[in-house]
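Structure file start.txt (compact mmCIF, C-alpha atoms) follows.
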```txt
# COMPACT_ATOMS: atom_id res chain seq x y z
CA VAL A 26 86.26 -15.65 115.34
CA ARG A 27 89.96 -16.23 115.85
CA LEU A 28 91.70 -15.55 119.14
CA GLU A 29 94.67 -13.33 119.73
CA PRO A 30 97.25 -13.03 118.24
CA PHE A 31 95.55 -14.28 115.03
CA GLY A 32 92.28 -12.43 115.54
CA PRO A 33 90.51 -9.74 117.54
CA THR A 34 89.15 -11.90 120.38
CA SER A 35 91.06 -11.98 123.67
CA PHE A 36 91.44 -15.16 125.70
CA GLU A 37 89.37 -13.63 128.50
CA GLU A 38 86.57 -12.65 126.11
CA ALA A 39 86.46 -16.17 124.63
CA ARG A 40 86.37 -17.79 128.08
CA THR A 41 83.58 -15.43 129.17
CA VAL A 42 81.45 -16.27 126.12
CA PHE A 43 82.05 -20.01 126.52
CA ALA A 44 81.12 -19.79 130.22
CA GLU A 45 77.92 -17.91 129.43
CA GLN A 46 76.83 -20.63 127.00
CA MET A 47 77.79 -23.40 129.42
CA ARG A 48 75.88 -21.83 132.30
CA GLY A 49 72.76 -21.99 130.13
CA LEU A 50 73.47 -25.58 129.19
CA ARG A 51 74.12 -26.52 132.81
CA ALA A 52 70.89 -24.84 133.91
CA GLY A 53 69.17 -26.95 131.25
CA GLY A 54 70.54 -30.12 132.83
CA VAL A 55 73.37 -31.24 130.57
CA ASP A 56 75.34 -34.29 131.68
CA ALA A 57 78.58 -33.30 129.91
CA PHE A 58 80.17 -30.48 127.98
CA LEU A 59 81.09 -31.55 124.45
CA LEU A 60 83.68 -29.26 122.89
CA GLU A 61 84.23 -30.18 119.27
CA THR A 62 85.79 -29.11 116.00
CA PHE A 63 88.39 -26.77 117.49
CA TRP A 64 91.52 -25.97 115.44
CA ASP A 65 93.28 -23.78 117.96
CA LEU A 66 94.81 -25.17 121.18
CA ASP A 67 94.51 -21.77 122.84
CA GLU A 68 90.81 -21.55 122.03
CA ILE A 69 89.96 -25.01 123.33
CA ALA A 70 91.96 -24.21 126.46
CA GLN A 71 89.60 -21.30 127.11
CA ALA A 72 86.58 -23.55 126.54
CA VAL A 73 87.88 -26.18 128.98
CA ALA A 74 88.66 -23.45 131.55
CA ALA A 75 85.14 -22.10 131.16
CA ALA A 76 83.63 -25.55 131.65
CA ARG A 77 85.63 -26.08 134.85
CA GLU A 78 84.62 -22.61 136.07
CA VAL A 79 80.92 -23.27 135.46
CA ASP A 80 80.84 -26.72 137.08
CA PRO A 81 84.00 -28.75 137.74
CA SER A 82 81.94 -31.89 138.30
CA VAL A 83 80.60 -32.01 134.73
CA PRO A 84 82.71 -34.18 132.41
CA VAL A 85 84.45 -32.37 129.55
CA ILE A 86 84.78 -34.07 126.17
CA ALA A 87 87.35 -32.12 124.14
CA GLN A 88 87.75 -32.78 120.43
CA MET A 89 89.85 -31.02 117.86
CA THR A 90 89.94 -31.31 114.12
CA ILE A 91 92.85 -32.06 111.80
CA GLY A 92 93.46 -31.79 108.10
CA LEU A 93 94.54 -34.43 105.61
CA ASP A 94 98.12 -33.65 106.58
CA GLY A 95 97.35 -34.95 110.09
CA VAL A 96 97.76 -31.63 111.91
CA THR A 97 95.49 -28.76 112.94
CA THR A 98 95.22 -25.58 110.91
CA TYR A 99 97.78 -24.11 113.32
CA GLY A 100 100.15 -27.06 112.88
CA ALA A 101 99.57 -29.03 116.09
CA SER A 102 100.25 -32.76 115.75
CA PRO A 103 97.98 -35.44 117.22
CA GLU A 104 100.54 -36.02 119.97
CA THR A 105 100.64 -32.31 120.83
CA ILE A 106 96.84 -32.16 120.85
CA ALA A 107 96.61 -35.14 123.20
CA GLN A 108 99.26 -33.85 125.58
CA HIS A 109 97.70 -30.39 125.67
CA LEU A 110 94.15 -31.62 126.28
CA ASP A 111 95.39 -34.12 128.85
CA ALA A 112 97.26 -31.36 130.71
CA LEU A 113 94.11 -29.21 130.66
CA GLY A 114 92.27 -32.01 132.43
CA ALA A 115 89.78 -32.96 129.73
CA ASP A 116 87.96 -36.14 130.73
CA VAL A 117 87.72 -37.46 127.17
CA ILE A 118 90.07 -36.48 124.34
CA GLY A 119 89.33 -36.99 120.67
CA LEU A 120 89.13 -35.77 117.11
CA ASN A 121 86.16 -35.12 114.88
CA CYS A 122 85.22 -33.98 111.38
CA SER A 123 87.39 -32.82 108.51
CA VAL A 124 88.93 -36.09 107.34
CA GLY A 125 87.74 -39.65 106.93
CA PRO A 126 87.88 -42.47 109.43
CA GLN A 127 91.29 -43.80 108.35
CA ALA A 128 93.09 -40.51 108.98
CA ILE A 129 91.27 -40.07 112.28
CA LEU A 130 92.17 -43.62 113.36
CA GLU A 131 95.85 -43.07 112.56
CA ALA A 132 95.86 -39.82 114.52
CA ILE A 133 94.00 -41.33 117.50
CA GLU A 134 96.53 -44.17 117.63
CA LYS A 135 99.30 -41.56 117.94
CA MET A 136 97.36 -39.66 120.59
CA ALA A 137 96.81 -42.75 122.72
CA THR A 138 100.55 -43.23 123.22
CA VAL A 139 101.05 -39.89 124.97
CA THR A 140 98.07 -39.54 127.30
CA ARG A 141 97.76 -40.42 130.98
CA GLU A 142 95.50 -43.39 130.33
CA SER A 143 96.23 -44.87 126.91
```

Starting from the file, lay out its structure as structure tokens.
Amino acid sequence: VRLEPFGPTSFEEARTVFAEQMRGLRAGGVDAFLLETFWDLDEIAQAVAAAREVDPSVPVIAQMTIGLDGVTTYGASPETIAQHLDALGADVIGLNCSVGPQAILEAIEKMATVTRES
């Protein structure tokens, strides 16, 4: 389900649903929250916020997905993704799915140049 303004789900509603799922995972003893295959920077921001709300001590691994053109469905470049996820305080930043290893490697190399710890 897409978030506002592209869909019917509000930021608050998304964060609430993510937090509910993460509370269950945390109660089950997870060691980290793995957020993967996001296309929307606003949506992953809500997931990271929910993770920090549930338990700020649990590491957050945040991964987005890109197309063959090297950007997300919403047009975010690898550099923008990295800067955004870094600013959100994700512990690990990455990409997954969608394209093969060569395209992912090229994008990760771009991301590494703009993060706090390259």

Go through segment 56-104 of chain A and flag each residue having an atom no more than 7 Å from segment 131-135 of chain A; for those, report the closest pair of atoms plus their distance in Å to one decimal, using only C-alpha atoms, ordered by chain and rising number, as a tab-separated table.
```
residue	atom	partner	partner_atom	distance
A:Gly95	CA	A:Ala132	CA	6.7
A:Pro103	CA	A:Ala132	CA	5.6
A:Glu104	CA	A:Lys135	CA	6.0
```

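Distance annotation: of A:Leu50, A:Ala76, A:Leu130, A:Ala39, the residue with the minimal separation from Leu113 of chain A is A:Ala76; atom set is only C-alpha atoms.
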
**Message:** For a quick check of your reading of the model, name the residues lying within 9 Å of the coordinate (95.4, -31.6, 122.9), counting only C-alpha atoms, and write them as a PyMOL selection string.
**Reply:** chain A and resi 66+69-70+87-89+101-113+115+118-119+136

**Request:** Would you mind listing what lies within 8 Å of Tyr99 of chain A as a list in words, with all atoms listed in the file counted and same-chain residues fewer than 2 positions away left out?
**Result:** Trp64, Asp65, Val96, Thr97 and Ala101 of chain A

Restricted to C-alpha atoms, what would the selected residues look like written as a PDB file, in the coordinates of the input?
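Okay, again32.pdb is ready:
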```pdb
ATOM      1  CA  TRP A  64      91.520 -25.970 115.440  1.00  0.00           C
ATOM      2  CA  ASP A  65      93.280 -23.780 117.960  1.00  0.00           C
ATOM      3  CA  VAL A  96      97.760 -31.630 111.910  1.00  0.00           C
ATOM      4  CA  THR A  97      95.490 -28.760 112.940  1.00  0.00           C
ATOM      5  CA  ALA A 101      99.570 -29.030 116.090  1.00  0.00           C
TER       6      ALA A 101
END
```

**Prompt:** Interatomic distance between atom CA of Thr41 of chain A and atom CA of Asp80 of chain A?
**Reply:**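 Distance between the two atoms: 14.1 Å.
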
**Request:** Pick out the closest residue to Met47 of chain A from this set: A:Glu68, A:Ala75, A:Pro30, A:Leu120. Count all atoms listed in the file.
**Result:**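 Result for the nearest residue to Met47 of chain A: A:Ala75.
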
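Comparing A:Leu59, A:Ile91, A:Ala52, A:Ala44 by their smallest distance to Val79 of chain A, the closest is A:Ala44 (using all atoms listed in the file).
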
**Asked** With distances taken over all atoms listed in the file, which of A:Thr138, A:Ser35, A:Gln46, A:Asn121 is nearest to Ile86 of chain A?
**Response**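 For Ile86 of chain A, the nearest of the given residues is A:Asn121.
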
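Once Val124 of chain A and its same-chain neighbours fewer than 2 positions away are set aside, Ile91, Gly92, Leu93, Cys122, Pro126, Ala128 and Ile129 of chain A remain within 8 Å of it when counting all atoms listed in the file.
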
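Between Glu61 of chain A and the candidates A:Leu28, A:Val139, A:Val85, A:Ala74, the tightest atom-to-atom separation, counting all atoms listed in the file, involves A:Val85.
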
**Item:** Of the listed residues A:Pro33, A:Arg141, A:Thr98, A:Pro84, that which approaches Thr62 of chain A most closely, counting only C-alpha atoms
**Value:** A:Thr98

**Message:** For a test of reading the model, state the distance in Å between atom CA of Gln71 of chain A and atom CA of Arg40 of chain A, rounded to one decimal.
**Reply:** 4.9 Å

**Asked** Rounded to one decimal in Å, what is the spacing between atom CA of Thr90 of chain A and atom CA of Gly53 of chain A?
**Response** 27.3 Å

Kindly output segment 64-97 of chain A as a JSON list (two decimals), keeping the file's coordinate frame, after building N, CA and C atoms.
```json
[["chain", "number", "residue", "atom", "x", "y", "z"],
["A", 64, "TRP", "N", 90.25, -25.91, 116.18],
["A", 64, "TRP", "CA", 91.52, -25.97, 115.44],
["A", 64, "TRP", "C", 92.66, -25.40, 116.25],
["A", 65, "ASP", "N", 92.30, -24.57, 117.23],
["A", 65, "ASP", "CA", 93.28, -23.78, 117.96],
["A", 65, "ASP", "C", 93.40, -24.28, 119.41],
["A", 66, "LEU", "N", 94.59, -24.69, 119.81],
["A", 66, "LEU", "CA", 94.81, -25.17, 121.18],
["A", 66, "LEU", "C", 94.50, -24.10, 122.22],
["A", 67, "ASP", "N", 94.80, -22.86, 121.90],
["A", 67, "ASP", "CA", 94.51, -21.77, 122.84],
["A", 67, "ASP", "C", 93.00, -21.57, 123.02],
["A", 68, "GLU", "N", 92.26, -21.73, 121.94],
["A", 68, "GLU", "CA", 90.81, -21.55, 122.03],
["A", 68, "GLU", "C", 90.17, -22.67, 122.84],
["A", 69, "ILE", "N", 90.56, -23.91, 122.57],
["A", 69, "ILE", "CA", 89.96, -25.01, 123.33],
["A", 69, "ILE", "C", 90.37, -24.94, 124.80],
["A", 70, "ALA", "N", 91.54, -24.39, 125.07],
["A", 70, "ALA", "CA", 91.96, -24.21, 126.46],
["A", 70, "ALA", "C", 91.00, -23.27, 127.18],
["A", 71, "GLN", "N", 90.55, -22.22, 126.51],
["A", 71, "GLN", "CA", 89.60, -21.30, 127.11],
["A", 71, "GLN", "C", 88.24, -21.97, 127.33],
["A", 72, "ALA", "N", 87.85, -22.84, 126.40],
["A", 72, "ALA", "CA", 86.58, -23.55, 126.54],
["A", 72, "ALA", "C", 86.63, -24.53, 127.72],
["A", 73, "VAL", "N", 87.74, -25.25, 127.85],
["A", 73, "VAL", "CA", 87.88, -26.18, 128.98],
["A", 73, "VAL", "C", 87.89, -25.39, 130.30],
["A", 74, "ALA", "N", 88.62, -24.28, 130.34],
["A", 74, "ALA", "CA", 88.66, -23.45, 131.55],
["A", 74, "ALA", "C", 87.26, -22.95, 131.91],
["A", 75, "ALA", "N", 86.50, -22.56, 130.91],
["A", 75, "ALA", "CA", 85.14, -22.10, 131.16],
["A", 75, "ALA", "C", 84.27, -23.22, 131.72],
["A", 76, "ALA", "N", 84.41, -24.41, 131.17],
["A", 76, "ALA", "CA", 83.63, -25.55, 131.65],
["A", 76, "ALA", "C", 83.95, -25.84, 133.11],
["A", 77, "ARG", "N", 85.21, -25.81, 133.46],
["A", 77, "ARG", "CA", 85.63, -26.08, 134.85],
["A", 77, "ARG", "C", 85.15, -24.97, 135.78],
["A", 78, "GLU", "N", 85.11, -23.75, 135.28],
["A", 78, "GLU", "CA", 84.62, -22.61, 136.07],
["A", 78, "GLU", "C", 83.12, -22.75, 136.34],
["A", 79, "VAL", "N", 82.38, -23.16, 135.33],
["A", 79, "VAL", "CA", 80.92, -23.27, 135.46],
["A", 79, "VAL", "C", 80.54, -24.42, 136.39],
["A", 80, "ASP", "N", 81.14, -25.59, 136.20],
["A", 80, "ASP", "CA", 80.84, -26.72, 137.08],
["A", 80, "ASP", "C", 81.93, -27.78, 136.91],
["A", 81, "PRO", "N", 82.88, -27.81, 137.85],
["A", 81, "PRO", "CA", 84.00, -28.75, 137.74],
["A", 81, "PRO", "C", 83.60, -30.21, 137.78],
["A", 82, "SER", "N", 82.37, -30.50, 138.22],
["A", 82, "SER", "CA", 81.94, -31.89, 138.30],
["A", 82, "SER", "C", 81.40, -32.44, 136.98],
["A", 83, "VAL", "N", 81.14, -31.57, 136.02],
["A", 83, "VAL", "CA", 80.60, -32.01, 134.73],
["A", 83, "VAL", "C", 81.74, -32.47, 133.84],
["A", 84, "PRO", "N", 81.64, -33.70, 133.29],
["A", 84, "PRO", "CA", 82.71, -34.18, 132.41],
["A", 84, "PRO", "C", 82.87, -33.30, 131.17],
["A", 85, "VAL", "N", 84.12, -33.16, 130.74],
["A", 85, "VAL", "CA", 84.45, -32.37, 129.55],
["A", 85, "VAL", "C", 85.00, -33.30, 128.49],
["A", 86, "ILE", "N", 84.33, -33.31, 127.34],
["A", 86, "ILE", "CA", 84.78, -34.07, 126.17],
["A", 86, "ILE", "C", 85.36, -33.04, 125.21],
["A", 87, "ALA", "N", 86.66, -33.13, 124.96],
["A", 87, "ALA", "CA", 87.35, -32.12, 124.14],
["A", 87, "ALA", "C", 87.85, -32.76, 122.85],
["A", 88, "GLN", "N", 87.37, -32.24, 121.73],
["A", 88, "GLN", "CA", 87.75, -32.78, 120.43],
["A", 88, "GLN", "C", 88.24, -31.67, 119.52],
["A", 89, "MET", "N", 89.32, -31.97, 118.84],
["A", 89, "MET", "CA", 89.85, -31.02, 117.86],
["A", 89, "MET", "C", 89.70, -31.62, 116.48],
["A", 90, "THR", "N", 90.04, -30.83, 115.49],
["A", 90, "THR", "CA", 89.94, -31.31, 114.12],
["A", 90, "THR", "C", 91.29, -31.15, 113.43],
["A", 91, "ILE", "N", 91.59, -32.08, 112.55],
["A", 91, "ILE", "CA", 92.85, -32.06, 111.80],
["A", 91, "ILE", "C", 92.56, -32.08, 110.31],
["A", 92, "GLY", "N", 93.57, -31.74, 109.55],
["A", 92, "GLY", "CA", 93.46, -31.79, 108.10],
["A", 92, "GLY", "C", 94.01, -33.10, 107.56],
["A", 93, "LEU", "N", 94.00, -33.23, 106.25],
["A", 93, "LEU", "CA", 94.54, -34.43, 105.61],
["A", 93, "LEU", "C", 96.01, -34.63, 105.90],
["A", 94, "ASP", "N", 96.70, -33.55, 106.25],
["A", 94, "ASP", "CA", 98.12, -33.65, 106.58],
["A", 94, "ASP", "C", 98.34, -34.16, 108.01],
["A", 95, "GLY", "N", 97.25, -34.39, 108.75],
["A", 95, "GLY", "CA", 97.35, -34.95, 110.09],
["A", 95, "GLY", "C", 97.60, -33.95, 111.20],
["A", 96, "VAL", "N", 97.55, -32.67, 110.90],
["A", 96, "VAL", "CA", 97.76, -31.63, 111.91],
["A", 96, "VAL", "C", 96.61, -30.62, 111.86],
["A", 97, "THR", "N", 96.51, -29.80, 112.92],
["A", 97, "THR", "CA", 95.49, -28.76, 112.94],
["A", 97, "THR", "C", 95.87, -27.64, 111.97]]
```
